[in-house]
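Have a look at data-v5.pdb below; it lists PDB, C-alpha atoms.
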```pdb
ATOM      1  CA  MET A 605      95.944 121.927 120.479
ATOM      2  CA  ASN A 606      95.774 125.582 119.408
ATOM      3  CA  GLY A 607      92.609 125.262 117.337
ATOM      4  CA  GLN A 608      94.010 122.427 115.266
ATOM      5  CA  VAL A 609      92.148 119.262 114.430
ATOM      6  CA  GLU A 610      94.255 116.121 114.715
ATOM      7  CA  VAL A 611      93.430 113.373 112.234
ATOM      8  CA  SER A 612      95.099 109.997 112.807
ATOM      9  CA  ILE A 613      94.899 107.412 110.049
ATOM     10  CA  CYS A 614      95.422 103.736 110.821
ATOM     11  CA  TYR A 615      98.102 102.342 108.541
ATOM     12  CA  GLY A 616      97.602  98.745 109.630
ATOM     13  CA  THR A 617      97.390  96.310 106.727
ATOM     14  CA  LEU A 618      93.654  95.665 107.017
ATOM     15  CA  CYS A 619      92.742  99.358 107.208
ATOM     16  CA  PHE A 620      95.101 100.188 104.366
ATOM     17  CA  VAL A 621      93.673  97.605 101.970
ATOM     18  CA  MET A 622      90.068  98.333 103.024
ATOM     19  CA  GLY A 623      90.374 101.936 101.846
ATOM     20  CA  GLY A 624      92.701 103.675 104.250
ATOM     21  CA  SER A 625      95.165 104.324 101.452
ATOM     22  CA  GLU A 626      92.799 106.998 100.076
ATOM     23  CA  PHE A 627      93.531 109.165 103.134
ATOM     24  CA  GLU A 628      97.218 109.601 102.313
ATOM     25  CA  MET A 629      96.450 112.783 100.403
ATOM     26  CA  ILE A 630      93.521 114.002 102.493
ATOM     27  CA  GLN A 631      95.220 117.337 103.098
ATOM     28  CA  ASP A 632      94.831 118.054  99.367
ATOM     29  CA  GLN A 633      91.086 117.307  99.561
ATOM     30  CA  LEU A 634      90.429 119.909 102.259
ATOM     31  CA  PRO A 635      89.332 123.450 101.450
ATOM     32  CA  SER A 636      92.475 125.574 101.208
ATOM     33  CA  ASP A 637      91.314 127.951 103.952
ATOM     34  CA  ILE A 638      91.324 125.214 106.613
ATOM     35  CA  ARG A 639      94.314 123.068 105.607
ATOM     36  CA  HIS A 640      96.576 124.847 108.081
ATOM     37  CA  LEU A 641      94.163 123.927 110.897
ATOM     38  CA  VAL A 642      94.381 120.176 110.281
ATOM     39  CA  LEU A 643      97.249 117.954 111.395
ATOM     40  CA  VAL A 644      97.165 114.615 109.576
ATOM     41  CA  LYS A 645      99.308 111.779 110.827
ATOM     42  CA  GLY A 646      99.506 108.031 110.516
ATOM     43  CA  MET A 647      99.260 105.589 113.367
ATOM     44  CA  ASN A 648     100.321 101.995 113.800
ATOM     45  CA  CYS A 649      97.421  99.585 114.087
ATOM     46  CA  PRO A 650      95.770 100.270 117.460
ATOM     47  CA  GLY A 651      93.673  97.079 117.160
ATOM     48  CA  TYR A 652      90.287  98.735 116.620
ATOM     49  CA  CYS A 653      89.401  95.935 114.207
ATOM     50  CA  ASN A 654      89.577  93.404 117.048
ATOM     51  CA  SER A 655      86.271  94.618 118.494
ATOM     52  CA  GLN A 656      82.963  94.507 116.631
ATOM     53  CA  GLU A 657      81.832  97.519 118.703
ATOM     54  CA  ASN A 658      84.205  99.723 116.716
ATOM     55  CA  GLY A 659      82.714  98.896 113.336
ATOM     56  CA  LYS A 660      84.736  97.893 110.312
ATOM     57  CA  PRO A 661      87.974  99.218 108.843
ATOM     58  CA  PRO A 662      89.345 101.545 107.735
ATOM     59  CA  PHE A 663      89.638 103.465 111.005
ATOM     60  CA  VAL A 664      90.444 107.131 111.501
ATOM     61  CA  THR A 665      90.362 109.223 114.653
ATOM     62  CA  ILE A 666      89.555 112.907 114.653
ATOM     63  CA  ASN A 667      90.638 114.582 117.881
ATOM     64  CA  GLY A 668      90.490 111.115 119.440
ATOM     65  CA  LYS A 669      86.966 110.314 118.198
ATOM     66  CA  LEU A 670      86.875 107.025 116.322
ATOM     67  CA  ILE A 671      85.355 106.735 112.863
ATOM     68  CA  GLY A 672      84.849 103.222 111.525
ATOM     69  CA  GLN A 673      84.273 102.440 107.851
ATOM     70  CA  ALA A 674      85.890 105.785 107.232
ATOM     71  CA  ASN A 675      85.749 107.406 103.832
ATOM     72  CA  LEU A 676      86.776 110.851 102.623
ATOM     73  CA  GLN A 677      83.283 112.273 103.049
ATOM     74  CA  LYS A 678      82.982 111.064 106.665
ATOM     75  CA  VAL A 679      86.450 112.294 107.573
ATOM     76  CA  ILE A 680      86.044 115.726 105.986
ATOM     77  CA  SER A 681      82.623 116.062 107.634
ATOM     78  CA  GLY A 682      84.176 115.120 110.993
ATOM     79  CA  ILE A 683      86.945 117.677 110.529
ATOM     80  CA  MET A 684      84.445 120.400 109.659
ATOM     81  CA  GLY A 685      82.362 119.471 112.719
ATOM     82  CA  GLU A 686      85.385 119.666 115.002
ATOM     83  CA  LEU A 687      86.370 123.041 113.559
ATOM     84  CA  ALA A 688      82.831 124.358 114.030
ATOM     85  CA  ASN A 689      82.666 123.106 117.610
ATOM     86  CA  GLY A 690      86.187 123.754 118.779
ATOM     87  CA  THR A 691      87.505 126.991 117.403
ATOM     88  CA  ASP A 692      86.609 130.003 119.462
ATOM     89  CA  LYS A 693      87.814 133.159 117.793
TER      90      LYS A 693
END
```

Now, as a test, write the supplied structure out as structure tokens.
Amino acid sequence: MNGQVEVSICYGTLCFVMGGSEFEMIQDQLPSDIRHLVLVKGMNCPGYCNSQENGKPPFVTINGKLIGQANLQKVISGIMGELANGTDK
């Protein structure tokens, strides 16, 4: 992955209306010095909402780690954590 953090945003209807739409411009919310390290992409509904174990929508994955009831603060915190843990200089 070359030091990049991959953020996948569920664009299923339920996630979108439950707050997922706020992630469309997440790249703009990141500190400018790390934007190039974050790949943001959408994903079709993977069905996370079908299991209570996963929490509630909206759902985002960061390097494959699921975040339920995602909000900008949780996602940015998750990105920063991945960068701190996964980038060896």

Contacts of Gly624 of chain A within 9 Å, all atoms listed in the file, excl. fewer than 2 positions in-chain, as a CSV table (one decimal) with C-alpha atoms, in the frame of the given file:
```csv
chain,number,residue,atom,x,y,z
A,613,ILE,CA,94.9,107.4,110.0
A,614,CYS,CA,95.4,103.7,110.8
A,615,TYR,CA,98.1,102.3,108.5
A,616,GLY,CA,97.6,98.7,109.6
A,618,LEU,CA,93.7,95.7,107.0
A,619,CYS,CA,92.7,99.4,107.2
A,620,PHE,CA,95.1,100.2,104.4
A,621,VAL,CA,93.7,97.6,102.0
A,622,MET,CA,90.1,98.3,103.0
A,626,GLU,CA,92.8,107.0,100.1
A,627,PHE,CA,93.5,109.2,103.1
A,628,GLU,CA,97.2,109.6,102.3
A,661,PRO,CA,88.0,99.2,108.8
A,662,PRO,CA,89.3,101.5,107.7
A,663,PHE,CA,89.6,103.5,111.0
A,664,VAL,CA,90.4,107.1,111.5
A,674,ALA,CA,85.9,105.8,107.2
A,675,ASN,CA,85.7,107.4,103.8
```

Checklist entry - Which residues match the PyMOL selection byres ((chain A and resi 668) around 10) in the file above, as a PyMOL selection string? => result chain A and resi 609-612+664-667+669-671

Next on the checklist: Can you translate the PyMOL selection byres ((chain A and resi 642) around 7) into the concrete residues it hits in this file, as number ranges by chain?
Outcome noted: A: 608-610, 638-641, 643-644

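Between atom CA of Ser681 of chain A and atom CA of Pro635 of chain A the separation is 11.7 Å.
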
Checklist entry - Interatomic distance between atom CA of Gln673 of chain A and atom CA of Lys660 of chain A? => result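 Between atom CA of Gln673 of chain A and atom CA of Lys660 of chain A the gap is 5.2 Å.
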
Checklist entry - Any idea what the distance is between atom CA of Asn658 of chain A and atom CA of Gly607 of chain A? => result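 Between atom CA of Asn658 of chain A and atom CA of Gly607 of chain A the gap is 26.9 Å.
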
Leaving out Gln677 of chain A and any residue of its chain fewer than 5 positions from it, which residues lie within 10 Å of it when counting all atoms listed in the file, given as a short mmCIF file (atom, residue, chain, number, x, y, z; two decimals) with C-alpha atoms, in the frame of the given file?
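Once everything was written out, this is part29.cif:
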```
data_model
loop_
_atom_site.label_atom_id
_atom_site.label_comp_id
_atom_site.auth_asym_id
_atom_site.auth_seq_id
_atom_site.Cartn_x
_atom_site.Cartn_y
_atom_site.Cartn_z
CA GLN A 633 91.09 117.31 99.56
CA GLY A 682 84.18 115.12 110.99
CA ILE A 683 86.94 117.68 110.53
#
```

Can you report as JSON the centre and edge lengths in Å, to one decimal, of an axis-aligned box around the listed atoms of segment 610-629 of chain A padded with 6 Å on each side?
```
{"center_x": 94.1, "center_y": 105.9, "center_z": 107.4, "size_x": 20.0, "size_y": 32.5, "size_z": 26.6}
```

Checklist entry - Which is closer to Gly646 of chain A than all the others in A:Met684, A:Leu676, A:Leu634, A:Met629, using all atoms listed in the file? => result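 Counting all atoms listed in the file, the residue closest to Gly646 of chain A is A:Met629.
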
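Minimum atom-to-atom distances from A:Gly672, A:Gly659, A:Asp637, A:Ile630 to Leu687 of chain A were compared using all atoms listed in the file, and the lowest value belongs to A:Asp637.
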
With N, CA and C atoms as the target, complete segment 661-688 of chain A and hand it back as a CSV table (one decimal), in the coordinates of the input.
```
chain,number,residue,atom,x,y,z
A,661,PRO,N,86.9,98.4,109.4
A,661,PRO,CA,88.0,99.2,108.8
A,661,PRO,C,87.5,99.8,107.5
A,662,PRO,N,88.2,100.9,107.1
A,662,PRO,CA,89.3,101.5,107.7
A,662,PRO,C,88.9,102.4,108.9
A,663,PHE,N,89.9,102.6,109.8
A,663,PHE,CA,89.6,103.5,111.0
A,663,PHE,C,90.5,104.7,111.0
A,664,VAL,N,89.8,105.8,111.4
A,664,VAL,CA,90.4,107.1,111.5
A,664,VAL,C,90.0,107.7,112.8
A,665,THR,N,90.8,108.5,113.5
A,665,THR,CA,90.4,109.2,114.7
A,665,THR,C,90.5,110.7,114.3
A,666,ILE,N,89.5,111.5,114.8
A,666,ILE,CA,89.6,112.9,114.7
A,666,ILE,C,89.4,113.5,116.1
A,667,ASN,N,90.5,114.1,116.5
A,667,ASN,CA,90.6,114.6,117.9
A,667,ASN,C,90.3,113.5,118.9
A,668,GLY,N,90.7,112.3,118.6
A,668,GLY,CA,90.5,111.1,119.4
A,668,GLY,C,89.2,110.4,119.3
A,669,LYS,N,88.3,110.9,118.4
A,669,LYS,CA,87.0,110.3,118.2
A,669,LYS,C,87.1,109.3,117.0
A,670,LEU,N,86.7,108.1,117.3
A,670,LEU,CA,86.9,107.0,116.3
A,670,LEU,C,85.8,107.1,115.2
A,671,ILE,N,86.3,106.9,114.0
A,671,ILE,CA,85.4,106.7,112.9
A,671,ILE,C,85.7,105.4,112.2
A,672,GLY,N,84.7,104.5,112.2
A,672,GLY,CA,84.8,103.2,111.5
A,672,GLY,C,84.3,103.3,110.1
A,673,GLN,N,84.7,102.4,109.3
A,673,GLN,CA,84.3,102.4,107.9
A,673,GLN,C,84.5,103.8,107.3
A,674,ALA,N,85.6,104.4,107.6
A,674,ALA,CA,85.9,105.8,107.2
A,674,ALA,C,86.0,105.9,105.7
A,675,ASN,N,85.5,107.0,105.2
A,675,ASN,CA,85.7,107.4,103.8
A,675,ASN,C,86.0,108.9,103.8
A,676,LEU,N,86.4,109.4,102.7
A,676,LEU,CA,86.8,110.9,102.6
A,676,LEU,C,85.6,111.8,103.1
A,677,GLN,N,84.4,111.4,102.7
A,677,GLN,CA,83.3,112.3,103.0
A,677,GLN,C,83.1,112.3,104.6
A,678,LYS,N,83.1,111.1,105.2
A,678,LYS,CA,83.0,111.1,106.7
A,678,LYS,C,84.1,111.8,107.4
A,679,VAL,N,85.3,111.7,106.9
A,679,VAL,CA,86.4,112.3,107.6
A,679,VAL,C,86.4,113.8,107.4
A,680,ILE,N,86.1,114.3,106.2
A,680,ILE,CA,86.0,115.7,106.0
A,680,ILE,C,84.9,116.3,106.8
A,681,SER,N,83.8,115.6,106.8
A,681,SER,CA,82.6,116.1,107.6
A,681,SER,C,83.0,116.1,109.1
A,682,GLY,N,83.7,115.1,109.6
A,682,GLY,CA,84.2,115.1,111.0
A,682,GLY,C,85.1,116.3,111.3
A,683,ILE,N,86.0,116.6,110.4
A,683,ILE,CA,86.9,117.7,110.5
A,683,ILE,C,86.2,119.0,110.6
A,684,MET,N,85.2,119.2,109.7
A,684,MET,CA,84.4,120.4,109.7
A,684,MET,C,83.6,120.6,111.0
A,685,GLY,N,83.1,119.4,111.5
A,685,GLY,CA,82.4,119.5,112.7
A,685,GLY,C,83.2,119.9,113.9
A,686,GLU,N,84.4,119.3,113.9
A,686,GLU,CA,85.4,119.7,115.0
A,686,GLU,C,85.8,121.1,114.9
A,687,LEU,N,86.0,121.6,113.7
A,687,LEU,CA,86.4,123.0,113.6
A,687,LEU,C,85.2,123.9,114.0
A,688,ALA,N,84.0,123.6,113.7
A,688,ALA,CA,82.8,124.4,114.0
A,688,ALA,C,82.6,124.4,115.5
```
